[in-house]
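First up is the structure itself, then whatever we jot down about it.
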Amino acid sequence: MDNLLLLSNNDDEILKNYELISKNTISNEEYNKYLKKYPKLETEDLYLRRNLNKEEQQLLGNLMEKPLMAISSLENEDTMNNLKNNMLENARRRTKSYFK
């Protein structure tokens, strides 16, 4: 979620659809119930999506679509290598033109 929020302009709109849970924010009974379903809760806090109607789900999907696509692209190794190579090539061109 943190990476998504870095790439979003709608943090508050997205976060209002989730509940952040951790061992410190819920009762022991709730913790044990959630831990069975979400084992990662033992080592990290989790965002659980609230129950949303279809309209709210659609709005949330629209808000998250572009940031999720950007994350997917950035996590793809080939895409990152191409991006890095393009940035280096552009920097080289600018440096060459600066010194001419």
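Naming works like this for the structure tokens: A, B, ... for the chains as they're shown, residue 1 at the start of each chain, ligands 1 onward in shown order.
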
Checklist line | DSSP helix (DSSP H, G or I) residues within chain A, listed as an MDAnalysis selection string | finding: chainID A and resid 2:6 11:15 28:37 39:42 54:75 77:99

Next item on the list: Determine which residues of chain A receive a DSSP assignment of strand (DSSP E), computed from the backbone, and state them as a PyMOL selection string.
Entry: chain A and resi 18-21+46-49

Save the residues we just selected, C-alpha atoms, as a PDB file, in the first residue's frame?
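Contents of result.pdb, as written:
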```
ATOM      1  CA  TYR A  18      -9.373   0.382   4.221  1.00  0.00           C
ATOM      2  CA  GLU A  19      -8.798  -0.426   7.854  1.00  0.00           C
ATOM      3  CA  LEU A  20      -5.211  -0.692   9.031  1.00  0.00           C
ATOM      4  CA  ILE A  21      -4.865  -3.563  11.459  1.00  0.00           C
ATOM      5  CA  LEU A  46      -2.204  -5.070   7.060  1.00  0.00           C
ATOM      6  CA  TYR A  47      -4.750  -2.980   5.229  1.00  0.00           C
ATOM      7  CA  LEU A  48      -8.132  -4.694   5.022  1.00  0.00           C
ATOM      8  CA  ARG A  49     -10.613  -3.368   2.518  1.00  0.00           C
TER       9      ARG A  49
END
```

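Non-sequential neighbours of range 69-78 of chain A (distance at most 12 Å, separation of 2 or more positions within a chain, only C-alpha atoms) are Met1, Asp2, Asn3, Leu4, Leu5, Leu6, Leu7, Ser8, Gly61, Asn62, Leu63, Met64, Glu65, Lys66, Pro67, Met80, Asn81, Asn82, Leu83, Lys84 and Asn85 of chain A.
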
Note to self: As an exercise, work out the distance from CA of Glu30 in chain A to CA of Arg50 in chain A in Å and give it to one decimal place.
What the structure shows: 15.6 Å

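Picture a line from CA of Asn24 in chain A to CA of Lys40 in chain A; it runs 14.6 Å.
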
Check: What gap, in Å, lies between CA of Leu60 in chain A and CA of Asp45 in chain A?
Finding: 20.8 Å
